[in-house]
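What follows is a single structure, written as structure tokens, with notes after it.
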Amino acid sequence: MALVWEGDTPDPGVLDHETGHLFGLPDLYLDPAPAGASGDPDPTALVGDWDVMADQSATAPEPLAWNKWKLGWLAPGQVDCVTGPGTTRHTLTPTEVPGGTKLVVVRRSATEAYAVEARGRYGNDRAMCSPGVLLYHVRTDVDALRGPVDVRDAHPATPGCARSREPAMADATLRPGDTYTTSTDDGTSRIAVTVNG
């Protein structure tokens, strides 16, 4: 049971967030806040509005597919794991739509992976600003409040979406024709994600 005491009208996002902790999910916001920010934790620094564990007032609060996988909410056939070099092709469906592949995990090491999922305007995400394919970096050796998940912004130079708590991150998704390329710190390997349609 999760109990939340609030003096104002209860916020279902707060209840969802705190229940996520009961299930073992970490906070995905940064605390302390980054230098130059207000004294409050910055709930949107690395994940934006893309998970209720980052921002309980998010425009796209559906849990990341990675978190759903950790909780056993995705069937084994709904997750594609990429463990070696090469080119692979995957067809993704949003996690709130029945059937299909929900998550692609590109393993980098025992504690590091990239995750790819589709997000659409369904259910909890119906108010999202920019449907598309979300790419994020996951580190299992990084604690809550320190950035275990880092969403990669496919459109960092755009203003994003004004109704989002973190407008610049609201359009982080890749859309058809977009490619996002990552590389390791030493530049020896890379991951490129291209959205074909």
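Following the order of the structure tokens, chains are lettered A, B, ..., residues in each are numbered from 1, and ligands are numbered from 1.
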
Can I get the residues of region 53-136 of chain A within 12 Å of region 142-147 of chain A, each with the closest pair of atoms and their distance in Å to one decimal, using only C-alpha atoms, sorted chain first then ascending number, as JSON lines?
```
{"residue": "A:Met53", "atom": "CA", "partner": "A:Ala144", "partner_atom": "CA", "distance": 10.0}
{"residue": "A:Ala54", "atom": "CA", "partner": "A:Leu145", "partner_atom": "CA", "distance": 9.4}
{"residue": "A:Thr111", "atom": "CA", "partner": "A:Val142", "partner_atom": "CA", "distance": 8.9}
{"residue": "A:Glu112", "atom": "CA", "partner": "A:Val142", "partner_atom": "CA", "distance": 9.7}
{"residue": "A:Tyr136", "atom": "CA", "partner": "A:Gly147", "partner_atom": "CA", "distance": 11.3}
```

Q: Please provide as a list in words all residues within 12 Å of Phe23 (chain A), with the sequence filter that same-chain residues fewer than 6 positions apart are discarded (counting only C-alpha atoms).
A: Met1, Ala2, Asp16, His17, Met53, Asn67, Lys68, Lys70, Leu71, Gly72 and Trp73 of chain A

Q.
According to DSSP computed on the backbone, where in region 76-133 of chain A is there strand (DSSP E or B)? Give the residues as a list in words.
A. Val79, Asp80, Cys81, Val82, Leu92, Thr101, Leu103, Val104, Val105, Val106, Arg107, Arg108, Ser109, Glu112, Ala113, Tyr114, Ala115, Val116, Glu117, Ala118, Arg119, Gly132 and Val133 of chain A

Got time to write the residues from that selection, N, CA and C atoms, as a compact mmCIF listing (two decimals), in the first residue's frame?
```txt
# COMPACT_ATOMS: atom_id res chain seq x y z
N VAL A 79 11.02 -8.35 -25.97
CA VAL A 79 12.29 -7.66 -25.80
C VAL A 79 13.31 -8.30 -26.74
N ASP A 80 13.93 -7.48 -27.59
CA ASP A 80 15.02 -7.93 -28.45
C ASP A 80 16.33 -7.48 -27.83
N CYS A 81 17.24 -8.42 -27.60
CA CYS A 81 18.55 -8.09 -27.04
C CYS A 81 19.61 -8.19 -28.13
N VAL A 82 20.39 -7.15 -28.27
CA VAL A 82 21.49 -7.11 -29.23
C VAL A 82 22.78 -7.23 -28.43
N LEU A 92 9.01 -1.92 -33.63
CA LEU A 92 8.56 -1.64 -32.27
C LEU A 92 7.11 -1.17 -32.24
N THR A 101 6.94 -6.13 -30.37
CA THR A 101 8.17 -5.89 -29.63
C THR A 101 8.10 -4.53 -28.97
N LEU A 103 10.74 -3.34 -26.68
CA LEU A 103 12.03 -2.83 -26.24
C LEU A 103 13.16 -3.53 -26.98
N VAL A 104 14.15 -2.74 -27.39
CA VAL A 104 15.40 -3.28 -27.91
C VAL A 104 16.49 -2.85 -26.96
N VAL A 105 17.29 -3.80 -26.48
CA VAL A 105 18.37 -3.52 -25.55
C VAL A 105 19.69 -3.86 -26.24
N VAL A 106 20.57 -2.87 -26.30
CA VAL A 106 21.90 -3.07 -26.87
C VAL A 106 22.87 -3.10 -25.70
N ARG A 107 23.35 -4.29 -25.40
CA ARG A 107 24.23 -4.48 -24.25
C ARG A 107 25.62 -3.95 -24.55
N ARG A 108 26.16 -3.14 -23.63
CA ARG A 108 27.51 -2.59 -23.76
C ARG A 108 28.48 -3.27 -22.79
N SER A 109 27.99 -3.63 -21.62
CA SER A 109 28.81 -4.31 -20.61
C SER A 109 27.85 -4.92 -19.60
N GLU A 112 25.98 -1.71 -18.34
CA GLU A 112 25.64 -0.59 -19.24
C GLU A 112 24.95 -1.10 -20.50
N ALA A 113 23.90 -0.39 -20.90
CA ALA A 113 23.17 -0.74 -22.12
C ALA A 113 22.51 0.51 -22.69
N TYR A 114 22.14 0.41 -23.95
CA TYR A 114 21.27 1.40 -24.57
C TYR A 114 19.92 0.72 -24.77
N ALA A 115 18.86 1.47 -24.57
CA ALA A 115 17.51 0.94 -24.74
C ALA A 115 16.78 1.78 -25.78
N VAL A 116 15.97 1.11 -26.58
CA VAL A 116 15.21 1.77 -27.64
C VAL A 116 13.76 1.30 -27.52
N GLU A 117 12.83 2.25 -27.56
CA GLU A 117 11.41 1.92 -27.48
C GLU A 117 10.60 2.92 -28.28
N ALA A 118 9.38 2.54 -28.65
CA ALA A 118 8.47 3.45 -29.34
C ALA A 118 7.52 4.06 -28.32
N ARG A 119 7.24 5.34 -28.49
CA ARG A 119 6.28 6.02 -27.62
C ARG A 119 5.22 6.68 -28.50
N GLY A 132 7.33 9.02 -31.14
CA GLY A 132 8.46 8.56 -31.93
C GLY A 132 9.22 7.47 -31.22
N VAL A 133 10.50 7.35 -31.54
CA VAL A 133 11.36 6.32 -30.96
C VAL A 133 12.29 6.97 -29.95
```

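Nearest-residue note for Arg121 (chain A): choosing from A:Asp153, A:Asp51, A:Glu62, A:Asp141, the minimum distance belongs to A:Glu62, counting only C-alpha atoms.
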
Q: Can you list, as a list in words, all residues belonging to chain A that DSSP tags as helix (DSSP H, G or I)?
A: Pro12, Gly13, Val14, Leu15, Asp16, His17, Glu18, Thr19, Gly20, His21, Leu22, Ala65, Trp66, Asn67, Lys68, Trp69, Lys70, Pro76, Gly77, Gln78, Gly123, Asn124, Asp125, Pro167, Ala168 and Met169 of chain A

Write a file of the selected residues as a CSV table (one decimal), in the first residue's frame, keeping N, CA, C and O atoms.
```csv
chain,number,residue,atom,x,y,z
A,12,PRO,N,-2.5,12.2,-8.6
A,12,PRO,CA,-2.3,10.8,-9.0
A,12,PRO,C,-0.9,10.5,-9.4
A,12,PRO,O,-0.4,9.4,-9.3
A,13,GLY,N,-0.2,11.5,-10.0
A,13,GLY,CA,1.2,11.3,-10.4
A,13,GLY,C,2.1,11.0,-9.3
A,13,GLY,O,3.0,10.2,-9.3
A,14,VAL,N,1.8,11.7,-8.1
A,14,VAL,CA,2.6,11.4,-6.9
A,14,VAL,C,2.4,10.0,-6.4
A,14,VAL,O,3.4,9.3,-6.1
A,15,LEU,N,1.1,9.6,-6.4
A,15,LEU,CA,0.8,8.2,-6.0
A,15,LEU,C,1.5,7.2,-6.9
A,15,LEU,O,2.1,6.2,-6.4
A,16,ASP,N,1.4,7.4,-8.2
A,16,ASP,CA,2.1,6.5,-9.2
A,16,ASP,C,3.6,6.5,-8.9
A,16,ASP,O,4.2,5.4,-8.9
A,17,HIS,N,4.2,7.6,-8.7
A,17,HIS,CA,5.7,7.7,-8.5
A,17,HIS,C,6.0,6.9,-7.2
A,17,HIS,O,7.0,6.1,-7.2
A,18,GLU,N,5.3,7.2,-6.1
A,18,GLU,CA,5.6,6.5,-4.8
A,18,GLU,C,5.4,5.0,-4.9
A,18,GLU,O,6.1,4.2,-4.3
A,19,THR,N,4.3,4.6,-5.6
A,19,THR,CA,4.1,3.2,-5.8
A,19,THR,C,5.2,2.5,-6.6
A,19,THR,O,5.6,1.4,-6.3
A,20,GLY,N,5.8,3.3,-7.6
A,20,GLY,CA,6.9,2.8,-8.3
A,20,GLY,C,8.1,2.4,-7.4
A,20,GLY,O,8.8,1.4,-7.6
A,21,HIS,N,8.3,3.3,-6.3
A,21,HIS,CA,9.3,2.9,-5.3
A,21,HIS,C,9.0,1.6,-4.6
A,21,HIS,O,9.9,0.8,-4.3
A,22,LEU,N,7.7,1.4,-4.3
A,22,LEU,CA,7.3,0.2,-3.6
A,22,LEU,C,7.7,-1.0,-4.5
A,22,LEU,O,8.0,-2.1,-4.0
A,65,ALA,N,10.1,1.4,-21.0
A,65,ALA,CA,10.0,0.0,-21.3
A,65,ALA,C,11.1,-0.7,-20.5
A,65,ALA,O,10.8,-1.9,-20.0
A,66,TRP,N,12.2,-0.1,-20.2
A,66,TRP,CA,13.3,-0.7,-19.4
A,66,TRP,C,12.7,-1.0,-18.0
A,66,TRP,O,13.0,-2.1,-17.5
A,67,ASN,N,12.0,-0.1,-17.4
A,67,ASN,CA,11.4,-0.3,-16.1
A,67,ASN,C,10.4,-1.4,-16.1
A,67,ASN,O,10.3,-2.2,-15.2
A,68,LYS,N,9.6,-1.4,-17.2
A,68,LYS,CA,8.6,-2.5,-17.3
A,68,LYS,C,9.2,-3.8,-17.4
A,68,LYS,O,8.7,-4.8,-16.9
A,69,TRP,N,10.3,-3.9,-18.1
A,69,TRP,CA,11.0,-5.2,-18.3
A,69,TRP,C,11.6,-5.6,-16.9
A,69,TRP,O,11.5,-6.8,-16.6
A,70,LYS,N,12.2,-4.7,-16.2
A,70,LYS,CA,12.7,-5.0,-14.9
A,70,LYS,C,11.6,-5.6,-14.0
A,70,LYS,O,11.9,-6.4,-13.1
A,76,PRO,N,9.1,-12.2,-22.4
A,76,PRO,CA,10.4,-12.4,-23.0
A,76,PRO,C,10.4,-12.1,-24.5
A,76,PRO,O,11.3,-11.5,-25.1
A,77,GLY,N,9.4,-12.5,-25.3
A,77,GLY,CA,9.3,-12.3,-26.7
A,77,GLY,C,9.1,-10.8,-27.1
A,77,GLY,O,9.1,-10.5,-28.3
A,78,GLN,N,8.8,-9.9,-26.1
A,78,GLN,CA,8.6,-8.5,-26.4
A,78,GLN,C,9.9,-7.7,-26.3
A,78,GLN,O,9.9,-6.5,-26.4
A,123,GLY,N,-3.1,6.0,-23.8
A,123,GLY,CA,-3.2,5.9,-22.4
A,123,GLY,C,-2.5,7.0,-21.6
A,123,GLY,O,-2.8,8.1,-21.8
A,124,ASN,N,-1.6,6.6,-20.8
A,124,ASN,CA,-0.9,7.6,-19.9
A,124,ASN,C,-0.1,8.6,-20.7
A,124,ASN,O,0.2,9.7,-20.3
A,125,ASP,N,0.3,8.3,-22.0
A,125,ASP,CA,1.1,9.2,-22.8
A,125,ASP,C,0.2,10.0,-23.8
A,125,ASP,O,0.8,10.6,-24.7
A,167,PRO,N,10.8,21.6,-21.6
A,167,PRO,CA,10.4,21.7,-23.1
A,167,PRO,C,11.4,21.2,-24.1
A,167,PRO,O,11.1,20.5,-25.0
A,168,ALA,N,12.7,21.4,-23.8
A,168,ALA,CA,13.7,21.0,-24.8
A,168,ALA,C,13.8,19.4,-24.9
A,168,ALA,O,14.2,18.9,-26.0
A,169,MET,N,13.4,18.7,-23.9
A,169,MET,CA,13.5,17.2,-23.9
A,169,MET,C,12.2,16.6,-24.4
A,169,MET,O,12.1,15.4,-24.7
```

Q | Point-to-point distance from CA of Gly99 (chain A) to CA of Ala75 (chain A), Å rounded to tenths | A | 9.8 Å

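Minimum atom-to-atom distance to Thr95 (chain A), evaluated using only C-alpha atoms, belongs to A:Pro63 out of A:Pro148, A:Pro131, A:Pro63, A:Gly48.
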
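Proximity ranking of A:Ala170, A:Ala127, A:Leu134, A:Val193 relative to His90 (chain A) places A:Val193 first, based on only C-alpha atoms.
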
Q. Near Pro176 (chain A), within 7 Å and counting only C-alpha atoms, which residues show up once chain neighbours fewer than 6 positions away are dropped, as a PyMOL selection string?
A. chain A and resi 195-197

Residues from last step as file, C-alpha atoms, as a CSV table (one decimal), in the first residue's frame:
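File result08.csv, as written:
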```csv
chain,number,residue,atom,x,y,z
A,195,VAL,CA,14.1,5.2,-37.7
A,196,ASN,CA,12.8,4.0,-41.1
A,197,GLY,CA,9.1,4.5,-40.6
```
